[in-house]
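As stored in structure_35.txt (compact mmCIF, C-alpha atoms and all ligand atoms):
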```
# COMPACT_ATOMS: atom_id res chain seq x y z
CA MET A 1366 0.00 0.00 0.00
CA ILE A 1367 2.79 2.44 0.93
CA LYS A 1368 4.59 1.57 -2.28
CA TYR A 1369 1.43 2.27 -4.22
CA VAL A 1370 1.04 5.74 -2.67
CA PHE A 1371 4.70 6.46 -3.39
CA LEU A 1372 4.24 5.59 -7.04
CA ILE A 1373 1.28 7.92 -7.33
CA LEU A 1374 3.34 10.73 -5.81
CA VAL A 1375 6.22 10.18 -8.19
CA PHE A 1376 3.81 10.19 -11.08
CA ALA A 1377 2.29 13.46 -9.89
CA ILE A 1378 5.68 15.15 -9.47
CA ASN A 1379 6.88 14.14 -12.88
CA THR A 1380 3.84 15.25 -14.82
CA PHE A 1381 2.63 18.76 -15.31
CA SER A 1382 -0.58 20.07 -16.62
CA GLN A 1383 -2.89 17.11 -16.64
CA PHE A 1384 -6.01 18.98 -17.67
CA THR A 1385 -5.35 21.70 -20.26
CA GLU A 1386 -6.23 20.59 -23.77
CA ASN A 1387 -7.00 24.01 -25.24
CA VAL A 1388 -5.47 27.45 -24.87
CA PHE A 1389 -6.96 30.87 -25.58
CA ILE A 1390 -4.65 33.88 -25.75
CA VAL A 1391 -6.68 37.06 -25.63
CA VAL A 1392 -4.84 40.28 -26.36
CA ILE A 1393 -6.56 43.47 -25.26
CA ASP A 1394 -4.79 45.90 -27.54
CA GLY A 1395 -2.88 48.67 -25.81
CA PRO A 1396 -4.40 49.64 -22.45
CA ARG A 1397 -1.98 51.30 -20.05
CA TYR A 1398 -1.31 49.47 -16.77
CA SER A 1399 -2.36 52.60 -14.87
CA GLU A 1400 -5.90 52.27 -16.27
CA THR A 1401 -6.16 48.52 -15.66
CA PHE A 1402 -4.60 46.48 -12.85
CA GLY A 1403 -2.29 49.30 -11.78
CA ASP A 1404 -5.24 51.54 -10.86
CA SER A 1405 -5.92 51.02 -7.15
CA THR A 1406 -9.66 51.58 -7.68
CA HIS A 1407 -9.87 49.25 -10.72
CA THR A 1408 -12.62 51.51 -12.02
CA TYR A 1409 -12.39 50.31 -15.60
CA ILE A 1410 -11.84 46.60 -14.98
CA PRO A 1411 -14.39 45.53 -12.35
CA VAL A 1412 -14.96 42.13 -13.97
CA MET A 1413 -11.31 41.17 -14.38
CA TRP A 1414 -10.46 42.45 -10.90
CA ASN A 1415 -13.40 41.08 -8.91
CA ILE A 1416 -14.42 37.97 -10.83
CA LEU A 1417 -11.61 36.70 -13.06
CA LYS A 1418 -8.45 37.50 -11.07
CA PRO A 1419 -9.57 35.34 -8.10
CA LEU A 1420 -9.96 32.39 -10.48
CA GLY A 1421 -6.35 32.33 -11.61
CA THR A 1422 -2.83 33.70 -11.24
CA PHE A 1423 -2.11 37.35 -11.91
CA TYR A 1424 1.30 38.65 -12.98
CA SER A 1425 1.88 42.22 -11.82
CA SER A 1426 5.36 42.67 -13.35
CA PHE A 1427 4.76 41.57 -16.91
CA TYR A 1428 6.57 43.40 -19.70
CA ASN A 1429 6.91 43.99 -23.39
CA ASN A 1430 10.69 44.42 -23.47
CA GLY A 1431 10.80 44.41 -27.25
CA THR A 1432 9.13 46.67 -29.79
CA THR A 1433 6.01 48.17 -28.18
CA LYS A 1434 3.84 48.10 -31.28
CA THR A 1435 0.91 45.89 -32.22
CA ASN A 1436 2.31 43.40 -34.72
CA SER A 1437 5.63 43.04 -32.92
CA GLY A 1438 3.98 42.57 -29.52
CA HIS A 1439 1.59 39.90 -30.76
CA SER A 1440 4.41 38.14 -32.64
CA SER A 1441 6.67 38.08 -29.59
CA ILE A 1442 3.86 36.50 -27.57
CA LEU A 1443 3.20 33.84 -30.20
CA THR A 1444 6.79 32.92 -31.07
CA GLY A 1445 8.51 33.18 -27.68
CA THR A 1446 11.20 35.32 -29.31
CA TRP A 1447 11.51 39.10 -29.59
CA GLN A 1448 10.08 40.05 -32.94
CA SER A 1449 10.50 43.53 -34.37
CA ILE A 1450 8.43 43.56 -37.53
CA LYS A 1451 6.64 46.15 -39.64
CA ASN A 1452 3.41 47.33 -38.06
CA ASP A 1453 1.34 47.60 -41.24
CA GLY A 1454 0.77 43.88 -41.82
CA SER A 1455 3.37 43.54 -44.58
CA GLU A 1456 5.81 41.41 -42.59
CA ARG A 1457 5.40 38.06 -40.88
CA PRO A 1458 7.27 36.83 -37.79
CA SER A 1459 10.64 35.25 -38.58
CA MET A 1460 10.38 32.45 -36.01
CA PRO A 1461 7.76 29.72 -35.79
CA THR A 1462 4.52 30.48 -33.98
CA LEU A 1463 2.77 28.32 -31.40
CA PHE A 1464 0.37 27.33 -34.16
CA GLU A 1465 3.03 26.00 -36.50
CA CYS A 1466 4.87 24.04 -33.82
CA TYR A 1467 1.61 22.58 -32.54
CA ARG A 1468 0.31 21.59 -35.96
CA LYS A 1469 3.64 20.09 -37.01
CA GLN A 1470 3.89 17.93 -33.90
CA VAL A 1471 0.44 17.31 -32.50
CA ASP A 1472 -2.62 18.08 -34.55
CA THR A 1473 -2.29 18.60 -38.27
CA SER A 1474 -5.88 19.61 -38.93
CA ALA A 1475 -6.30 23.02 -40.52
CA ASN A 1476 -8.72 24.31 -37.89
CA ALA A 1477 -6.71 23.19 -34.85
CA CYS A 1478 -5.36 26.73 -34.54
CA TYR A 1479 -7.18 30.01 -35.08
CA VAL A 1480 -6.40 33.71 -35.31
CA VAL A 1481 -9.56 35.67 -34.49
CA LEU A 1482 -9.59 39.39 -35.33
CA GLY A 1483 -9.63 42.29 -34.51
CA LYS A 1484 -7.22 44.23 -36.68
CA SER A 1485 -6.93 42.70 -40.14
CA LYS A 1486 -3.20 43.47 -40.31
CA LEU A 1487 -2.71 40.79 -37.66
CA ASP A 1488 -3.43 38.07 -40.20
CA VAL A 1489 0.40 37.84 -40.44
CA LEU A 1490 0.25 35.95 -37.13
CA SER A 1491 -1.11 32.83 -38.82
CA HIS A 1492 2.35 31.58 -39.77
CA SER A 1493 5.99 32.61 -39.91
CA LEU A 1494 8.70 32.89 -42.54
CA HIS A 1495 10.75 30.15 -40.92
CA PRO A 1496 11.88 27.62 -43.57
CA ASP A 1497 10.98 24.56 -41.47
CA TYR A 1498 7.44 25.78 -40.86
CA GLY A 1499 5.28 28.28 -42.77
CA PRO A 1500 1.94 28.00 -44.62
CA GLU A 1501 1.73 24.23 -44.40
CA PHE A 1502 1.25 24.59 -40.62
CA SER A 1503 -0.67 27.86 -40.64
CA ALA A 1504 -3.51 28.80 -38.31
CA SER A 1505 -6.87 29.61 -39.87
CA ILE A 1506 -8.03 33.24 -39.77
CA LYS A 1507 -11.35 34.80 -38.88
CA TYR A 1508 -11.49 38.44 -40.00
CA SER A 1509 -13.73 41.06 -38.48
CA GLU A 1510 -16.12 43.20 -40.49
CA LYS A 1511 -15.59 45.97 -37.94
CA GLU A 1512 -12.15 45.70 -36.43
CA GLU A 1513 -12.62 48.26 -33.63
CA ASP A 1514 -15.80 46.60 -32.37
CA ASP A 1515 -14.82 44.26 -29.54
CA CYS A 1516 -18.36 42.86 -29.27
CA LYS A 1517 -17.97 41.71 -32.86
CA THR A 1518 -14.61 40.12 -31.98
CA LEU A 1519 -16.26 38.11 -29.22
CA GLU A 1520 -18.97 37.05 -31.69
CA ASN A 1521 -16.20 35.94 -34.04
CA ILE A 1522 -14.66 33.82 -31.28
CA LYS A 1523 -18.01 32.22 -30.51
CA GLU A 1524 -18.60 31.45 -34.18
CA VAL A 1525 -15.18 29.84 -34.60
CA VAL A 1526 -15.52 27.87 -31.39
CA THR A 1527 -18.95 26.56 -32.24
CA LYS A 1528 -17.79 25.37 -35.65
CA TYR A 1529 -14.27 24.14 -35.00
CA HIS A 1530 -13.32 24.08 -31.30
CA PRO A 1531 -9.69 24.99 -32.03
CA LYS A 1532 -6.96 23.86 -29.63
CA ILE A 1533 -5.04 27.13 -29.74
CA LEU A 1534 -6.83 30.39 -30.40
CA VAL A 1535 -5.45 33.93 -30.31
CA ALA A 1536 -7.80 36.90 -30.41
CA ASN A 1537 -7.15 40.61 -30.80
CA PHE A 1538 -9.54 43.01 -29.07
CA ALA A 1539 -8.66 46.24 -30.85
CA GLY A 1540 -11.21 48.71 -29.47
CA VAL A 1541 -9.08 50.20 -26.68
CA ASP A 1542 -6.11 51.03 -28.89
CA ILE A 1543 -8.16 52.49 -31.74
CA ALA A 1544 -10.13 54.74 -29.36
CA ALA A 1545 -6.95 55.91 -27.59
CA HIS A 1546 -5.27 56.91 -30.85
CA ASP A 1547 -8.31 58.69 -32.28
CA GLU A 1548 -10.46 59.86 -29.40
CA ASP A 1549 -10.41 61.28 -25.88
CA PHE A 1550 -9.62 59.76 -22.50
CA VAL A 1551 -13.27 59.02 -21.77
CA SER A 1552 -13.68 56.99 -24.97
CA TYR A 1553 -10.40 55.18 -24.31
CA THR A 1554 -11.39 54.16 -20.79
CA SER A 1555 -14.94 53.27 -21.80
CA LYS A 1556 -13.44 50.82 -24.32
CA ILE A 1557 -11.41 49.28 -21.49
CA LYS A 1558 -14.68 48.79 -19.61
CA THR A 1559 -16.22 47.14 -22.65
CA ALA A 1560 -13.28 44.78 -23.11
CA ASP A 1561 -13.37 44.00 -19.38
CA SER A 1562 -16.99 42.91 -19.45
CA LEU A 1563 -16.36 40.85 -22.61
CA MET A 1564 -13.59 38.94 -20.80
CA GLY A 1565 -16.16 37.86 -18.23
CA GLU A 1566 -18.54 36.83 -20.98
CA LEU A 1567 -15.78 34.88 -22.73
CA TRP A 1568 -14.83 32.91 -19.63
CA THR A 1569 -18.48 32.05 -18.99
CA PHE A 1570 -18.78 30.93 -22.60
CA ILE A 1571 -15.71 28.69 -22.29
CA GLN A 1572 -16.95 27.12 -19.07
CA ASN A 1573 -20.41 26.53 -20.53
CA ASP A 1574 -19.02 24.70 -23.53
CA SER A 1575 -19.03 20.93 -23.01
CA ILE A 1576 -15.78 20.41 -24.95
CA TYR A 1577 -13.85 23.28 -23.35
CA LYS A 1578 -15.17 23.21 -19.79
CA ASN A 1579 -12.35 22.63 -17.25
CA LYS A 1580 -9.94 21.75 -20.08
CA THR A 1581 -9.15 25.22 -21.33
CA THR A 1582 -6.61 27.77 -20.10
CA LEU A 1583 -7.21 31.45 -20.82
CA PHE A 1584 -4.35 33.95 -21.05
CA ILE A 1585 -5.49 37.59 -20.94
CA THR A 1586 -2.69 39.99 -21.81
CA ASN A 1587 -1.68 43.02 -23.92
CA ASP A 1588 0.57 43.67 -26.89
CA HIS A 1589 1.89 46.95 -25.41
CA GLY A 1590 0.85 49.74 -23.07
CA ARG A 1591 0.83 53.47 -23.86
CA HIS A 1592 3.10 56.42 -23.05
CA LEU A 1593 3.09 57.76 -19.51
CA ASP A 1594 1.36 61.14 -19.27
CA SER A 1595 4.78 62.79 -19.06
CA VAL A 1596 6.02 61.21 -22.30
CA LYS A 1597 5.30 62.72 -25.74
CA THR A 1598 1.57 62.53 -26.56
CA GLY A 1599 0.70 60.59 -23.39
CA PHE A 1600 -2.06 57.99 -23.54
CA HIS A 1601 -2.79 58.65 -27.21
CA ASP A 1602 0.26 56.79 -28.52
CA HIS A 1603 2.90 54.16 -27.81
CA GLY A 1604 5.97 52.57 -29.34
CA ASP A 1605 9.01 53.57 -27.29
CA ASP A 1606 10.64 52.13 -24.17
CA CYS A 1607 8.89 54.20 -21.49
CA GLU A 1608 7.41 52.39 -18.51
CA GLY A 1609 3.89 53.10 -19.77
CA CYS A 1610 4.57 51.34 -23.07
CA ARG A 1611 6.46 48.42 -21.54
CA HIS A 1612 4.43 47.52 -18.43
CA VAL A 1613 1.49 45.34 -19.42
CA SER A 1614 -0.43 42.63 -17.58
CA LEU A 1615 -1.00 38.89 -17.68
CA LEU A 1616 -3.78 36.88 -16.08
CA ILE A 1617 -3.84 33.09 -16.48
CA ILE A 1618 -6.99 31.12 -15.63
CA GLY A 1619 -7.34 27.40 -16.17
CA PRO A 1620 -7.44 23.93 -14.67
CA ASP A 1621 -3.67 23.67 -14.15
CA THR A 1622 -3.09 27.15 -12.73
CA PRO A 1623 -3.27 28.15 -9.04
CA VAL A 1624 -6.33 30.19 -8.09
CA GLY A 1625 -6.24 33.50 -6.27
CA ALA A 1626 -2.49 33.91 -6.68
CA VAL A 1627 -0.40 36.96 -7.51
CA ASP A 1628 3.15 36.57 -8.77
CA THR A 1629 5.25 39.73 -8.65
CA THR A 1630 8.24 38.13 -10.41
CA ILE A 1631 9.27 39.90 -13.60
CA TYR A 1632 8.10 38.02 -16.69
CA GLU A 1633 8.07 39.03 -20.35
CA GLN A 1634 5.91 38.44 -23.39
CA ILE A 1635 8.37 35.86 -24.73
CA ASP A 1636 7.63 33.66 -21.69
CA VAL A 1637 4.04 32.99 -22.82
CA ALA A 1638 4.79 30.60 -25.72
CA PRO A 1639 7.14 28.27 -23.77
CA THR A 1640 4.57 28.14 -20.96
CA ILE A 1641 1.83 27.13 -23.38
CA SER A 1642 4.07 24.57 -25.05
CA ARG A 1643 4.53 22.87 -21.69
CA MET A 1644 0.80 23.03 -20.97
CA LEU A 1645 -0.08 21.38 -24.26
CA LYS A 1646 3.00 19.12 -24.25
CA PHE A 1647 4.78 19.99 -27.45
CA GLU A 1648 8.16 21.54 -28.27
CA MET A 1649 8.96 25.12 -29.25
CA PRO A 1650 12.57 24.62 -30.35
CA TYR A 1651 13.45 28.27 -30.95
CA VAL A 1652 11.99 30.09 -27.95
CA THR A 1653 14.23 32.39 -25.94
CA GLY A 1654 11.69 33.02 -23.16
CA LYS A 1655 11.33 30.90 -20.03
CA ILE A 1656 8.51 28.78 -18.69
CA ILE A 1657 6.36 30.57 -16.12
CA GLU A 1658 6.56 27.88 -13.42
CA SER A 1659 3.97 29.52 -11.18
CA ALA A 1660 1.32 28.98 -13.85
CA PHE A 1661 1.32 25.30 -12.86
CA LYS A 1662 -0.11 23.84 -9.67
CA GLN A 1663 2.62 21.92 -7.85
CA GLU A 1664 0.46 19.87 -5.52
CA ALA A 1665 2.85 16.98 -4.96
CA SER A 1666 5.98 18.99 -4.28
CA GLU A 1667 5.35 19.63 -0.58
ZN ZN B 1 -1.55 47.36 -30.32
ZN ZN B 2 6.00 55.21 -24.27
```
Show how you would write the structure in this file as structure tokens.
Amino acid sequence: MIKYVFLILVFAINTFSQFTENVFIVVIDGPRYSETFGDSTHTYIPVMWNILKPLGTFYSSFYNNGTTKTNSGHSSILTGTWQSIKNDGSERPSMPTLFECYRKQVDTSANACYVVLGKSKLDVLSHSLHPDYGPEFSASIKYSEKEEDDCKTLENIKEVVTKYHPKILVANFAGVDIAAHDEDFVSYTSKIKTADSLMGELWTFIQNDSIYKNKTTLFITNDHGRHLDSVKTGFHDHGDDCEGCRHVSLLIIGPDTPVGAVDTTIYEQIDVAPTISRMLKFEMPYVTGKIIESAFKQEASE
């Protein structure tokens, strides 16, 4: 009997992530940390703060330490390497994405991976220019008829999920960034509120889906922040190395991740892909980021 218990313990220590079969990476495009988790009143993110954060692990020192623009930020998240690419959608990442590595090793079906938009220029995320990967292992793409409309983006996710139930899905919620560039502070923060409530709706949707329920890990993060008020045009723009542009957030919720935890360790966007590759048990041979160990429950290590 003792031997039997011992064997179970060894098994538990040597295996990570026994439950995650699907991963969603949701990128809320360009809110500043000071208007989201860094705001002590959390005025614009009541759902993420009060409902979602207690369900998972929150990373308070999470950074874009590369190019703080949309296409580069998304590409760094998806490749686990710092990508500095053109921001107009004319250049793909140079290193293989999560999608390509997953499809090459695990699930070759065309709809196993999905890019749900959001900004159409992010269709470059579907595959890289890397000679060992590329279009053969590409993610499918769902474009938006109205890229700034985050409600439409959530509808697009629901449509893709209902039809295909992809294993890895990335979505771009563009409303915050577009409002901040073009409109005033009130519009910018009201778009954060909209995105916040949609995150709650998305998690409910995932947990009400019989295929995804308790088998899906959700990463909610950002591609970049925005300038501090004291830098250049302030909240309107982004793209340099100021603290406002670099400091973003990461919340991970799923069956393998501790609940109600906050990790203040410094992590970077390039750490997301290696963490997901461990969760879904496949290799990302070119990543330069590290695995976020605290995203995994370590029940047997006491
Ligand atoms: Zn952006
Ligand atoms: Zn800046």
Do you have the CA of Val1412 in chain A-CA of Ser1562 in chain A distance handy?
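These atoms are spaced 5.9 Å apart.
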Residues near Asn1476 in chain A, anyone? I mean within 12 Å using all atoms listed in the file, not counting same-chain ones fewer than 2 positions away, as number ranges by chain.
A: 1464-1465, 1467-1468, 1472-1474, 1478-1481, 1491, 1502-1507, 1525-1534
With all atoms listed in the file counted and 9 Å as the cut-off, give the residues of chain A in contact with ligand ZN 1 (chain B), each with its shortest interatomic distance in Å and the pair that gives it, as a tab-separated table.
```
residue	atom	partner	partner_atom	distance
A:Val1392	CA	B:ZN1	ZN	8.8
A:Ile1393	CA	B:ZN1	ZN	8.1
A:Asp1394	CA	B:ZN1	ZN	4.5
A:Gly1395	CA	B:ZN1	ZN	4.9
A:Pro1396	CA	B:ZN1	ZN	8.7
A:Thr1433	CA	B:ZN1	ZN	7.9
A:Lys1434	CA	B:ZN1	ZN	5.5
A:Thr1435	CA	B:ZN1	ZN	3.4
A:Asn1436	CA	B:ZN1	ZN	7.1
A:Ser1437	CA	B:ZN1	ZN	8.8
A:Gly1438	CA	B:ZN1	ZN	7.4
A:His1439	CA	B:ZN1	ZN	8.1
A:Asn1537	CA	B:ZN1	ZN	8.8
A:Ala1539	CA	B:ZN1	ZN	7.2
A:Val1541	CA	B:ZN1	ZN	8.8
A:Asp1542	CA	B:ZN1	ZN	6.0
A:Ile1543	CA	B:ZN1	ZN	8.5
A:Asn1587	CA	B:ZN1	ZN	7.7
A:Asp1588	CA	B:ZN1	ZN	5.5
A:His1589	CA	B:ZN1	ZN	6.0
A:Gly1590	CA	B:ZN1	ZN	8.0
A:His1603	CA	B:ZN1	ZN	8.5
```
Using only C-alpha atoms and all ligand atoms, which residues have at least one atom no more than 8 Å from ligand ZN 2 (chain B)? Output them as a PyMOL selection string.
chain A and resi 1590-1593+1596-1597+1599+1602-1611
Write a file of the selected residues as an mmCIF file, in the coordinates of the input, keeping C-alpha atoms.
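Printed below is out_3.cif as written:
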```cif
data_model
loop_
_atom_site.group_PDB
_atom_site.id
_atom_site.type_symbol
_atom_site.label_atom_id
_atom_site.label_comp_id
_atom_site.auth_asym_id
_atom_site.auth_seq_id
_atom_site.Cartn_x
_atom_site.Cartn_y
_atom_site.Cartn_z
ATOM 1 C CA GLY A 1590 0.850 49.740 -23.070
ATOM 2 C CA ARG A 1591 0.830 53.470 -23.860
ATOM 3 C CA HIS A 1592 3.100 56.420 -23.050
ATOM 4 C CA LEU A 1593 3.090 57.760 -19.510
ATOM 5 C CA VAL A 1596 6.020 61.210 -22.300
ATOM 6 C CA LYS A 1597 5.300 62.720 -25.740
ATOM 7 C CA GLY A 1599 0.700 60.590 -23.390
ATOM 8 C CA ASP A 1602 0.260 56.790 -28.520
ATOM 9 C CA HIS A 1603 2.900 54.160 -27.810
ATOM 10 C CA GLY A 1604 5.970 52.570 -29.340
ATOM 11 C CA ASP A 1605 9.010 53.570 -27.290
ATOM 12 C CA ASP A 1606 10.640 52.130 -24.170
ATOM 13 C CA CYS A 1607 8.890 54.200 -21.490
ATOM 14 C CA GLU A 1608 7.410 52.390 -18.510
ATOM 15 C CA GLY A 1609 3.890 53.100 -19.770
ATOM 16 C CA CYS A 1610 4.570 51.340 -23.070
ATOM 17 C CA ARG A 1611 6.460 48.420 -21.540
#
```
Might you pull out every residue within 8 Å of Tyr1651 in chain A, with only C-alpha atoms counted and same-chain residues fewer than 6 positions away left off, and present them as a list in words?
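Using only C-alpha atoms, the neighbours found are Gly1445, Thr1446, Met1460 and Pro1461 of chain A.
For the pair CA of Lys1558 in chain A and CA of Tyr1409 in chain A, the interatomic distance is 4.9 Å.
Separating CA of Glu1524 in chain A from CA of Ala1536 in chain A is a distance of 12.7 Å.
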Residue nearest Gln1634 in chain A - candidates A:Phe1647, A:Phe1661, A:Phe1584, A:Phe1570, atoms counted: all atoms listed in the file
A:Phe1584
Given all atoms listed in the file as the counted atoms, nearest of A:Asn1452, A:Gln1470, A:Ser1441, A:Thr1406 to Glu1648 in chain A
A:Gln1470
Please rebuild range 1566-1577 of chain A with N, CA and C atoms and return the result as an mmCIF file, in the coordinates of the input.
```cif
data_model
loop_
_atom_site.group_PDB
_atom_site.id
_atom_site.type_symbol
_atom_site.label_atom_id
_atom_site.label_comp_id
_atom_site.auth_asym_id
_atom_site.auth_seq_id
_atom_site.Cartn_x
_atom_site.Cartn_y
_atom_site.Cartn_z
ATOM 1 N N GLU A 1566 -17.629 37.580 -20.109
ATOM 2 C CA GLU A 1566 -18.540 36.830 -20.980
ATOM 3 C C GLU A 1566 -17.806 35.668 -21.660
ATOM 4 N N LEU A 1567 -16.556 35.926 -22.064
ATOM 5 C CA LEU A 1567 -15.780 34.880 -22.730
ATOM 6 C C LEU A 1567 -15.508 33.707 -21.783
ATOM 7 N N TRP A 1568 -15.130 34.003 -20.548
ATOM 8 C CA TRP A 1568 -14.830 32.910 -19.630
ATOM 9 C C TRP A 1568 -16.084 32.089 -19.329
ATOM 10 N N THR A 1569 -17.216 32.766 -19.190
ATOM 11 C CA THR A 1569 -18.480 32.050 -18.990
ATOM 12 C C THR A 1569 -18.788 31.155 -20.187
ATOM 13 N N PHE A 1570 -18.552 31.701 -21.361
ATOM 14 C CA PHE A 1570 -18.780 30.930 -22.600
ATOM 15 C C PHE A 1570 -17.905 29.678 -22.638
ATOM 16 N N ILE A 1571 -16.638 29.834 -22.304
ATOM 17 C CA ILE A 1571 -15.710 28.690 -22.290
ATOM 18 C C ILE A 1571 -16.193 27.630 -21.305
ATOM 19 N N GLN A 1572 -16.563 28.071 -20.122
ATOM 20 C CA GLN A 1572 -16.950 27.120 -19.070
ATOM 21 C C GLN A 1572 -18.336 26.514 -19.284
ATOM 22 N N ASN A 1573 -19.110 27.112 -20.195
ATOM 23 C CA ASN A 1573 -20.410 26.530 -20.530
ATOM 24 C C ASN A 1573 -20.359 25.633 -21.759
ATOM 25 N N ASP A 1574 -19.169 25.529 -22.341
ATOM 26 C CA ASP A 1574 -19.020 24.700 -23.530
ATOM 27 C C ASP A 1574 -18.573 23.297 -23.095
ATOM 28 N N SER A 1575 -19.291 22.286 -23.527
ATOM 29 C CA SER A 1575 -19.030 20.930 -23.010
ATOM 30 C C SER A 1575 -17.651 20.413 -23.396
ATOM 31 N N ILE A 1576 -17.108 20.879 -24.522
ATOM 32 C CA ILE A 1576 -15.780 20.410 -24.950
ATOM 33 C C ILE A 1576 -14.671 21.173 -24.211
ATOM 34 N N TYR A 1577 -14.900 22.450 -23.953
ATOM 35 C CA TYR A 1577 -13.850 23.280 -23.350
ATOM 36 C C TYR A 1577 -13.857 23.282 -21.824
#
```
